[in-house]
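Structure data follow from protein-v2.txt (compact mmCIF, C-alpha atoms):
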```
# COMPACT_ATOMS: atom_id res chain seq x y z
CA MET A 11 -11.74 53.67 63.67
CA ARG A 12 -13.25 56.80 65.24
CA GLU A 13 -16.80 58.05 64.94
CA ILE A 14 -18.59 61.07 66.40
CA VAL A 15 -21.79 60.02 68.22
CA GLN A 16 -23.84 62.77 69.89
CA GLY A 17 -20.80 64.96 70.34
CA LYS A 18 -18.61 62.16 71.72
CA GLN A 19 -15.67 60.64 69.96
CA VAL A 20 -16.06 56.83 69.95
CA SER A 21 -13.09 54.58 69.23
CA LEU A 22 -13.92 51.19 67.69
CA SER A 23 -11.55 48.37 66.88
CA VAL A 24 -11.74 44.93 65.31
CA SER A 25 -10.04 41.71 66.36
CA LYS A 26 -6.30 41.28 65.95
CA ARG A 27 -6.84 38.34 63.62
CA MET A 28 -8.24 40.74 61.01
CA ALA A 29 -4.77 42.14 60.44
CA ALA A 30 -3.89 38.97 58.55
CA ILE A 31 -7.17 38.56 56.64
CA LYS A 32 -8.14 40.17 53.34
CA PRO A 33 -11.50 40.34 51.55
CA SER A 34 -11.86 37.82 48.74
CA PRO A 35 -10.08 39.24 45.63
CA THR A 36 -12.53 37.55 43.29
CA GLY A 37 -15.44 39.10 45.16
CA ALA A 38 -13.77 42.49 44.90
CA VAL A 39 -13.39 42.15 41.12
CA LEU A 40 -17.03 41.15 40.75
CA ALA A 41 -18.13 44.12 42.85
CA LEU A 42 -15.97 46.52 40.83
CA ALA A 43 -17.32 45.19 37.52
CA THR A 44 -20.88 45.63 38.78
CA GLU A 45 -20.14 49.17 39.94
CA LEU A 46 -18.56 50.18 36.64
CA ARG A 47 -21.45 48.71 34.64
CA ALA A 48 -23.87 50.72 36.76
CA ALA A 49 -21.85 53.80 35.84
CA GLY A 50 -22.39 53.04 32.15
CA ARG A 51 -19.14 51.25 31.27
CA ASP A 52 -19.26 48.30 28.86
CA ILE A 53 -17.43 45.93 31.20
CA ILE A 54 -16.71 42.35 30.25
CA SER A 55 -16.20 40.45 33.49
CA LEU A 56 -13.84 37.49 33.24
CA GLY A 57 -13.39 37.50 37.00
CA ALA A 58 -16.25 35.51 38.48
CA GLY A 59 -16.11 31.74 38.82
CA GLU A 60 -19.80 31.42 38.02
CA PRO A 61 -21.46 29.48 35.19
CA ASP A 62 -23.36 31.66 32.74
CA PHE A 63 -25.92 28.87 32.27
CA ASP A 64 -29.21 28.77 34.15
CA THR A 65 -29.94 26.07 36.72
CA PRO A 66 -31.52 23.10 34.87
CA GLN A 67 -35.31 23.22 34.89
CA HIS A 68 -35.92 19.92 36.70
CA ILE A 69 -33.88 21.21 39.63
CA LYS A 70 -35.87 24.45 39.79
CA ASP A 71 -39.09 22.46 39.57
CA ALA A 72 -38.05 20.35 42.56
CA ALA A 73 -37.44 23.52 44.57
CA LEU A 74 -40.81 24.98 43.64
CA GLN A 75 -42.51 21.76 44.66
CA ALA A 76 -40.64 21.82 47.98
CA ILE A 77 -41.98 25.31 48.67
CA ALA A 78 -45.50 24.20 47.74
CA ASP A 79 -45.15 21.21 50.07
CA GLY A 80 -44.04 23.40 52.97
CA GLU A 81 -40.47 22.13 53.17
CA THR A 82 -39.40 25.51 54.51
CA LYS A 83 -38.49 24.68 58.11
CA TYR A 84 -35.27 23.93 59.96
CA THR A 85 -33.57 20.70 58.96
CA PRO A 86 -30.89 18.73 60.85
CA VAL A 87 -27.73 20.80 61.13
CA ASP A 88 -25.77 18.38 58.93
CA GLY A 89 -28.42 18.04 56.20
CA THR A 90 -31.58 16.13 55.44
CA ALA A 91 -31.63 12.34 55.29
CA THR A 92 -32.80 12.52 51.67
CA LEU A 93 -29.89 14.68 50.53
CA LYS A 94 -27.34 12.67 52.51
CA GLN A 95 -28.64 9.52 50.86
CA ALA A 96 -28.20 11.15 47.44
CA ILE A 97 -24.65 12.13 48.39
CA GLN A 98 -23.91 8.58 49.56
CA GLN A 99 -25.13 7.23 46.24
CA LYS A 100 -23.13 9.81 44.28
CA PHE A 101 -19.90 8.87 46.07
CA ALA A 102 -20.56 5.16 45.66
CA THR A 103 -21.42 5.19 41.95
CA GLU A 104 -19.12 7.96 40.67
CA ASN A 105 -16.13 7.69 43.01
CA GLN A 106 -16.30 4.15 44.39
CA LEU A 107 -16.23 5.59 47.92
CA GLN A 108 -18.47 4.32 50.71
CA TYR A 109 -19.65 6.66 53.49
CA ASP A 110 -22.15 6.30 56.31
CA PRO A 111 -24.53 9.20 56.99
CA SER A 112 -22.48 10.07 60.10
CA GLN A 113 -19.51 10.69 57.78
CA ILE A 114 -21.33 13.30 55.67
CA LEU A 115 -21.92 17.00 56.33
CA VAL A 116 -24.02 19.30 54.15
CA SER A 117 -23.15 23.00 54.38
CA SER A 118 -24.03 26.34 52.81
CA GLY A 119 -21.55 25.82 50.02
CA ALA A 120 -18.34 23.81 49.72
CA LYS A 121 -16.56 26.93 50.95
CA GLN A 122 -18.26 26.56 54.33
CA CYS A 123 -17.26 22.89 54.45
CA LEU A 124 -13.62 23.88 54.03
CA PHE A 125 -13.92 26.67 56.59
CA ASN A 126 -15.51 24.25 59.06
CA LEU A 127 -12.67 21.82 58.42
CA CYS A 128 -10.01 24.43 59.19
CA MET A 129 -11.78 25.59 62.34
CA GLY A 130 -12.46 22.05 63.53
CA LEU A 131 -9.01 20.64 62.79
CA LEU A 132 -6.37 23.35 63.11
CA SER A 133 -4.92 24.93 66.25
CA PRO A 134 -2.47 27.81 66.75
CA GLY A 135 0.99 26.62 65.79
CA ASP A 136 -0.27 24.09 63.24
CA GLU A 137 0.64 24.27 59.55
CA ALA A 138 -1.38 23.62 56.41
CA ILE A 139 0.31 22.91 53.06
CA ILE A 140 -1.23 24.74 50.10
CA PRO A 141 0.08 24.12 46.57
CA ALA A 142 0.17 27.32 44.53
CA PRO A 143 -1.48 28.53 42.37
CA HIS A 144 -4.28 28.03 44.87
CA TRP A 145 -7.86 29.11 45.38
CA VAL A 146 -7.82 32.53 47.00
CA SER A 147 -9.56 31.54 50.25
CA TYR A 148 -7.39 28.64 51.44
CA PRO A 149 -4.66 30.69 53.17
CA ASP A 150 -7.06 33.04 54.95
CA MET A 151 -9.18 30.14 56.19
CA VAL A 152 -6.03 28.65 57.71
CA ARG A 153 -5.08 31.97 59.29
CA LEU A 154 -8.56 32.43 60.75
CA ALA A 155 -8.07 29.08 62.50
CA GLY A 156 -4.84 30.43 64.01
CA ALA A 157 -2.60 28.19 61.91
CA GLU A 158 0.07 28.98 59.34
CA PRO A 159 -0.29 28.40 55.58
CA VAL A 160 2.78 26.84 53.94
CA ILE A 161 2.76 27.68 50.23
CA VAL A 162 4.39 25.27 47.76
CA ALA A 163 4.89 26.94 44.38
CA ALA A 164 4.31 25.00 41.15
CA GLY A 165 4.27 27.24 38.09
CA ILE A 166 3.43 26.71 34.44
CA ASP A 167 6.74 24.92 33.78
CA ALA A 168 5.68 22.27 36.32
CA ASP A 169 2.18 22.00 34.81
CA PHE A 170 0.91 23.74 37.97
CA LYS A 171 1.31 20.50 39.97
CA MET A 172 3.17 19.93 43.21
CA THR A 173 5.70 17.08 43.07
CA PRO A 174 6.15 14.38 45.74
CA ASP A 175 9.58 15.81 46.57
CA GLN A 176 8.11 19.27 47.12
CA LEU A 177 5.44 17.79 49.37
CA ALA A 178 7.99 15.82 51.40
CA ASP A 179 10.14 18.93 51.84
CA ALA A 180 7.17 20.99 53.03
CA ILE A 181 6.03 18.55 55.73
CA THR A 182 7.11 19.28 59.29
CA SER A 183 6.09 18.06 62.72
CA LYS A 184 3.51 20.88 62.71
CA THR A 185 1.76 19.86 59.48
CA ARG A 186 -1.88 18.95 60.04
CA LEU A 187 -3.58 19.64 56.71
CA LEU A 188 -2.94 19.46 52.96
CA PHE A 189 -5.20 21.08 50.36
CA LEU A 190 -5.53 19.34 47.00
CA ASN A 191 -7.83 20.93 44.42
CA SER A 192 -8.16 18.96 41.19
CA PRO A 193 -9.19 20.12 38.63
CA SER A 194 -7.69 23.33 39.90
CA ASN A 195 -9.06 26.80 40.37
CA PRO A 196 -7.33 28.86 38.94
CA THR A 197 -5.26 26.76 36.52
CA GLY A 198 -7.54 24.01 35.20
CA ALA A 199 -4.76 21.46 35.89
CA SER A 200 -5.86 18.02 37.02
CA TYR A 201 -3.76 15.40 38.79
CA SER A 202 -3.74 11.95 37.16
CA ARG A 203 -4.25 8.80 39.19
CA SER A 204 -0.53 8.02 39.16
CA GLU A 205 0.32 11.56 40.26
CA LEU A 206 -2.12 11.32 43.17
CA GLN A 207 -0.67 7.95 44.13
CA ALA A 208 2.85 9.41 44.13
CA LEU A 209 1.73 12.13 46.54
CA GLY A 210 -0.09 9.49 48.56
CA ALA A 211 3.10 7.48 48.96
CA VAL A 212 4.62 10.46 50.79
CA LEU A 213 1.54 10.98 52.97
CA LEU A 214 1.42 7.33 54.06
CA GLU A 215 4.40 8.13 56.26
CA HIS A 216 2.42 10.86 58.06
CA PRO A 217 -0.79 9.50 59.63
CA SER A 218 -1.57 12.76 61.45
CA ILE A 219 -2.00 14.79 58.23
CA VAL A 220 -5.52 15.28 56.90
CA ILE A 221 -5.96 15.65 53.14
CA ALA A 222 -8.64 18.14 52.06
CA ALA A 223 -9.59 16.87 48.60
CA ASP A 224 -11.48 19.74 46.95
CA ASP A 225 -13.38 18.10 44.08
CA ILE A 226 -15.77 20.98 43.31
CA TYR A 227 -14.87 20.92 39.57
CA GLU A 228 -15.07 17.13 39.27
CA HIS A 229 -17.65 17.13 36.47
CA ILE A 230 -16.15 20.01 34.49
CA HIS A 231 -13.34 17.75 33.34
CA TRP A 232 -12.22 16.58 29.90
CA ALA A 233 -8.83 14.90 30.31
CA ASP A 234 -8.31 11.61 28.47
CA GLU A 235 -7.96 9.86 31.82
CA PRO A 236 -11.19 9.87 33.86
CA PHE A 237 -11.41 12.03 36.97
CA ARG A 238 -10.15 10.31 40.10
CA SER A 239 -10.89 11.50 43.62
CA PHE A 240 -7.90 11.35 45.98
CA ALA A 241 -9.38 8.80 48.40
CA ALA A 242 -10.26 6.53 45.47
CA ALA A 243 -6.75 6.78 44.01
CA CYS A 244 -5.17 6.25 47.44
CA PRO A 245 -7.53 3.96 49.38
CA ASP A 246 -5.02 3.48 52.21
CA LEU A 247 -5.44 7.21 52.92
CA TYR A 248 -9.24 7.06 53.04
CA PRO A 249 -9.15 7.40 56.88
CA GLN A 250 -7.19 10.67 56.54
CA THR A 251 -9.14 12.25 53.68
CA VAL A 252 -12.00 14.75 53.80
CA THR A 253 -13.54 15.04 50.33
CA THR A 254 -15.51 18.20 49.59
CA ASN A 255 -17.80 18.84 46.67
CA GLY A 256 -21.00 20.70 45.85
CA VAL A 257 -23.60 21.54 43.25
CA SER A 258 -22.62 25.14 42.49
CA LYS A 259 -20.27 24.71 39.53
CA ALA A 260 -21.40 21.56 37.72
CA TYR A 261 -25.13 22.27 38.01
CA ALA A 262 -24.98 26.09 37.67
CA MET A 263 -26.32 26.48 41.22
CA THR A 264 -23.93 29.02 42.73
CA GLY A 265 -26.68 30.99 44.46
CA TRP A 266 -28.34 27.92 45.97
CA ARG A 267 -25.38 27.52 48.39
CA ILE A 268 -25.11 23.78 48.88
CA GLY A 269 -21.83 21.96 49.40
CA TYR A 270 -20.96 18.75 51.17
CA ALA A 271 -18.04 16.94 52.76
CA ALA A 272 -17.37 13.31 53.63
CA GLY A 273 -14.62 11.88 55.79
CA PRO A 274 -13.64 10.47 59.18
CA VAL A 275 -16.47 10.59 61.72
CA GLU A 276 -14.47 12.48 64.35
CA ILE A 277 -13.56 15.26 61.91
CA ILE A 278 -17.01 15.50 60.33
CA SER A 279 -18.48 15.65 63.84
CA ALA A 280 -16.19 18.57 64.72
CA MET A 281 -17.18 20.34 61.50
CA LYS A 282 -20.84 19.79 62.34
CA THR A 283 -20.33 21.35 65.77
CA ILE A 284 -18.69 24.41 64.21
CA GLN A 285 -21.62 24.70 61.81
CA SER A 286 -24.18 24.31 64.60
CA GLN A 287 -22.78 27.42 66.27
CA SER A 288 -22.49 29.50 63.09
CA THR A 289 -24.98 29.04 60.25
CA SER A 290 -26.84 25.94 61.50
CA ASN A 291 -28.55 24.00 58.71
CA PRO A 292 -28.27 24.86 55.02
CA CYS A 293 -31.37 26.20 53.23
CA SER A 294 -34.11 23.55 53.29
CA VAL A 295 -35.39 24.31 49.78
CA SER A 296 -31.87 24.30 48.35
CA GLN A 297 -31.29 20.86 49.86
CA VAL A 298 -34.28 19.50 47.96
CA ALA A 299 -32.93 21.07 44.77
CA ALA A 300 -29.47 19.61 45.41
CA ALA A 301 -30.92 16.12 45.84
CA ALA A 302 -32.72 16.54 42.52
CA ALA A 303 -29.44 17.64 40.93
CA LEU A 304 -27.51 14.63 42.16
CA THR A 305 -30.16 12.02 41.40
CA GLY A 306 -31.80 13.48 38.29
CA ASP A 307 -30.94 13.91 34.62
CA GLN A 308 -27.18 14.51 34.20
CA SER A 309 -27.31 15.48 30.52
CA PRO A 310 -27.38 19.25 31.27
CA VAL A 311 -24.02 18.87 33.06
CA ARG A 312 -22.54 17.14 30.02
CA ARG A 313 -23.89 19.82 27.67
CA MET A 314 -22.42 22.60 29.79
CA THR A 315 -19.06 20.86 29.96
CA VAL A 316 -18.97 20.49 26.16
CA ALA A 317 -19.51 24.26 25.89
CA TYR A 318 -16.76 24.97 28.44
CA LYS A 319 -14.33 22.76 26.52
CA LYS A 320 -15.08 24.61 23.28
CA ARG A 321 -14.47 27.95 25.00
CA HIS A 322 -11.32 26.59 26.62
CA ASP A 323 -9.88 25.53 23.28
CA TYR A 324 -10.61 28.93 21.79
CA ILE A 325 -9.22 31.12 24.57
CA VAL A 326 -6.07 29.08 25.20
CA ALA A 327 -5.14 29.26 21.51
CA ALA A 328 -6.08 32.95 21.32
CA LEU A 329 -4.06 33.90 24.40
CA ASN A 330 -1.01 32.03 23.10
CA ASN A 331 -1.23 34.18 19.95
CA ILE A 332 -0.86 37.37 21.99
CA GLY A 333 2.69 38.56 22.52
CA GLY A 334 3.77 38.28 26.14
CA PHE A 335 1.11 35.71 27.05
CA GLU A 336 1.82 32.01 27.66
CA CYS A 337 -1.16 29.77 28.46
CA ARG A 338 -1.21 26.06 29.36
CA SER A 339 -4.15 23.92 28.29
CA GLY A 340 -6.26 22.76 31.20
CA GLU A 341 -8.01 19.49 31.89
CA GLY A 342 -11.09 21.05 33.43
CA THR A 343 -12.81 24.01 35.17
CA PHE A 344 -13.68 27.21 33.31
CA TYR A 345 -10.48 29.19 33.86
CA ALA A 346 -7.43 30.09 31.81
CA PHE A 347 -4.30 31.06 33.74
CA PRO A 348 -1.74 32.60 31.39
CA ARG A 349 1.72 33.74 32.41
CA VAL A 350 1.86 37.42 31.47
CA GLU A 351 5.29 38.59 32.56
CA GLY A 352 6.22 39.39 28.95
CA ALA A 353 3.11 41.50 28.47
CA THR A 354 3.71 43.29 31.76
CA ARG A 355 7.25 44.18 30.68
CA SER A 356 6.19 45.36 27.24
CA LEU A 357 3.69 47.75 28.84
CA LYS A 358 6.36 48.89 31.33
CA LEU A 359 4.23 47.77 34.28
CA SER A 360 5.72 46.41 37.48
CA ASN A 361 3.41 43.45 38.21
CA ASP A 362 0.27 41.51 37.37
CA THR A 363 -1.92 43.74 39.55
CA GLU A 364 -0.97 46.76 37.46
CA LEU A 365 -1.80 44.81 34.30
CA VAL A 366 -5.26 44.03 35.69
CA LYS A 367 -5.76 47.74 36.37
CA ARG A 368 -4.65 48.60 32.84
CA LEU A 369 -7.07 46.09 31.33
CA ILE A 370 -10.04 47.38 33.28
CA ASN A 371 -9.16 51.04 32.68
CA ASP A 372 -8.23 50.81 29.00
CA ALA A 373 -10.10 47.73 27.77
CA ASP A 374 -13.11 47.46 30.10
CA ILE A 375 -12.07 43.88 30.97
CA ALA A 376 -12.22 42.67 34.58
CA CYS A 377 -10.04 39.72 35.57
CA VAL A 378 -8.05 38.65 38.64
CA PRO A 379 -4.26 38.96 39.13
CA GLY A 380 -2.32 35.77 39.66
CA SER A 381 -0.85 37.16 42.87
CA ALA A 382 -4.28 36.67 44.48
CA PHE A 383 -3.78 32.94 43.88
CA GLY A 384 -0.24 32.85 45.21
CA ALA A 385 1.23 33.10 41.69
CA PRO A 386 2.53 36.57 40.76
CA GLY A 387 3.04 37.11 37.05
CA TYR A 388 -0.18 35.41 35.92
CA LEU A 389 -3.82 36.34 35.26
CA ARG A 390 -6.96 34.29 35.84
CA LEU A 391 -9.60 34.69 33.16
CA SER A 392 -12.93 32.93 33.54
CA PHE A 393 -14.48 31.61 30.34
CA ALA A 394 -17.85 30.97 31.96
CA CYS A 395 -19.33 33.44 29.50
CA SER A 396 -20.41 33.47 25.87
CA MET A 397 -18.02 32.84 22.99
CA GLU A 398 -18.89 36.30 21.66
CA MET A 399 -17.68 37.89 24.91
CA LEU A 400 -14.46 35.87 24.79
CA GLU A 401 -13.77 36.95 21.21
CA GLU A 402 -14.39 40.59 22.10
CA SER A 403 -12.14 40.23 25.15
CA ILE A 404 -9.25 38.97 23.02
CA THR A 405 -9.75 41.89 20.61
CA ARG A 406 -9.61 44.37 23.49
CA ILE A 407 -6.52 42.78 25.07
CA LYS A 408 -4.69 42.93 21.74
CA ARG A 409 -5.68 46.56 21.37
CA VAL A 410 -4.19 47.45 24.75
CA LEU A 411 -0.94 45.65 24.04
CA SER A 412 -0.56 47.12 20.56
CA ALA A 413 -1.19 50.62 21.91
```
Whole structure given in structure tokens:
Amino acid sequence: MREIVQGKQVSLSVSKRMAAIKPSPTGAVLALATELRAAGRDIISLGAGEPDFDTPQHIKDAALQAIADGETKYTPVDGTATLKQAIQQKFATENQLQYDPSQILVSSGAKQCLFNLCMGLLSPGDEAIIPAPHWVSYPDMVRLAGAEPVIVAAGIDADFKMTPDQLADAITSKTRLLFLNSPSNPTGASYSRSELQALGAVLLEHPSIVIAADDIYEHIHWADEPFRSFAAACPDLYPQTVTTNGVSKAYAMTGWRIGYAAGPVEIISAMKTIQSQSTSNPCSVSQVAAAAALTGDQSPVRRMTVAYKKRHDYIVAALNNIGGFECRSGEGTFYAFPRVEGATRSLKLSNDTELVKRLINDADIACVPGSAFGAPGYLRLSFACSMEMLEESITRIKRVLSA
């Protein structure tokens, strides 16, 4: 990059690692939708993974009281004692997992927990296994740590779930980390207890592999079988598992930026050190609010999940009635992930990215291409919006395809 400063030509460069890193695709879609709305376009954004509900009132009240009480100072880097106690209780009662305070880290979002994990665990030459479709940030976090992401593809015909044989084939002497996100962003697929145990049987042979169990959508879950965290399903792998979670999705607290992780002391300690030299402690007021979320009335979470399930049932059926779309029912989250190769062909487009461009240009609908999640030929549509917006979205998609 070259700039002219007081008549001199200045040459600026960024680090070599940036050559392998891309901005978040979901963030880019959100920014584009905001820009187009500002220009007067009637954009329906199905791109953001953000609840359309407001944060429950008792949580906001706790934050206001914290401000009034002057709880606005630095806290311990790894979180307040009060919040860590709430997290301990949550794990014990909901997941049957026991953690000491030294095994818990509170961060500015679950995303930071996972970033800290990659930076604290991985070294150049290491490998991290990532089942695809995957959350967009996993591979770039691994690359930022100097390691190599190993993508294991599991499409709609496999219910978007990695098999034990696929896992065994992907493991090498360099494997240090496995990401498991259930229920999954972007697919909504959730591993059953027996499926987790089958994966665990493979991992028992590899004591140097750490499992990153990303449970951020734990409470947005409606499968017949109750949600099961990996370490609870596979207790022999508890010493190798780092479980991450947060308040952003279930409690409609995306902007509060509180996530947490629990796992082996030596790994949590490394993550804490990384955090101490980057962001330091999470927001003090947000920590009070998060404690109120975890220990307070849970009925708002249940009401929101009922609404998500109703929207899920509508949009999955509606998408499957559109020619060229094939959508699997999910067990949780607020995403639909249809295969759209037939629709792409009928519109004479070359890939899912071009279909996304067509939808935003011709239908004023913003969504994210499956290729951003390691799954070309799909789209991710968020149904964290009103039923009226979903119905209008389906009408617009049909209009584009019929034209």
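Each of A:Trp266, A:Phe393, A:Tyr109, A:Tyr201 was compared to Gln297 (chain A) using only C-alpha atoms, and A:Trp266 turns out to be the nearest.
When CA of Thr363 (chain A) is paired with CA of Ala142 (chain A), their separation reads 17.3 Å.
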Considering only C-alpha atoms, give me a table of residues in region 19-97 of chain A that are at most 12 Å from region 309-314 of chain A, with the closest atom pair and distance in Å for each, as a Markdown table.
```
| residue | atom | partner | partner_atom | distance |
| --- | --- | --- | --- | --- |
| A:Pro61 | CA | A:Met314 | CA | 8.8 |
| A:Asp62 | CA | A:Met314 | CA | 9.6 |
| A:Phe63 | CA | A:Met314 | CA | 7.6 |
| A:Asp64 | CA | A:Pro310 | CA | 10.1 |
| A:Thr65 | CA | A:Pro310 | CA | 9.1 |
| A:Pro66 | CA | A:Pro310 | CA | 6.7 |
| A:Gln67 | CA | A:Pro310 | CA | 9.6 |
| A:His68 | CA | A:Pro310 | CA | 10.1 |
| A:Ile69 | CA | A:Pro310 | CA | 10.8 |
```
* Just the residues within 7 Å of Asn255 (chain A), please, counting all atoms listed in the file, with nothing from its chain fewer than 6 positions along; format it as number ranges by chain. => A: 120, 224-226, 269-271
* Selected residue, from A:Thr197, A:Ser204, A:Gln99, A:Thr343, that lies nearest to Lys259 (chain A) when counting all atoms listed in the file ->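 When distances to Lys259 (chain A) are compared using all atoms listed in the file, the smallest one comes from A:Thr343.
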* To do: To one decimal in Å, tell me the separation between CA of Tyr318 (chain A) and CA of Pro348 (chain A).
  =>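 Calculated distance between CA of Tyr318 (chain A) and CA of Pro348 (chain A) is 17.1 Å.
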* To do: Would you mind listing what lies within 9 Å of Ile370 (chain A) as a ChimeraX atom specification, with all atoms listed in the file counted and same-chain residues fewer than 4 positions away left out?
  => /A:43,53-54,365-366,374-377
* Nearest candidate to Gly119 (chain A) (options A:Met263, A:Ile278, A:Ala373, A:Leu400; using all atoms listed in the file) ->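 Distance minimum relative to Gly119 (chain A) lands on A:Met263.
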* For each of A:Ala73, A:Ala222, A:Val24, A:Thr103, take the minimum atom-to-atom distance to Asn126 (chain A), counting all atoms listed in the file, then give the residue where this is smallest. =>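 Among A:Ala73, A:Ala222, A:Val24, A:Thr103, it is A:Ala222 that comes nearest to Asn126 (chain A).
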* Asked: Within 6 Å of (-25.6, 25.2, 55.3), in the coordinates the file gives, what residues turn up when you count all atoms listed in the file, written out as a PyMOL selection string?
  -> chain A and resi 117-118+291-292
* For Glu351 (chain A): contacts at 9 Å, all atoms listed in the file, fewer than 6 positions along chain excluded, given as a PyMOL selection string -> chain A and resi 334-336+361-362+386-388
* To do: Write out as a ChimeraX atom specification each polymer residue whose atoms come within 12 Å of Gly57 (chain A), counting all atoms listed in the file; drop sequence neighbours fewer than 3 positions from it.
  => /A:34-44,53-54,60-61,196,344-347,366,370,375-380,382,389-395
* So, counting all atoms listed in the file, which residue among A:Ala58, A:Ile404, A:Met397, A:Ala164 is closest to Lys320 (chain A)? -> A:Met397
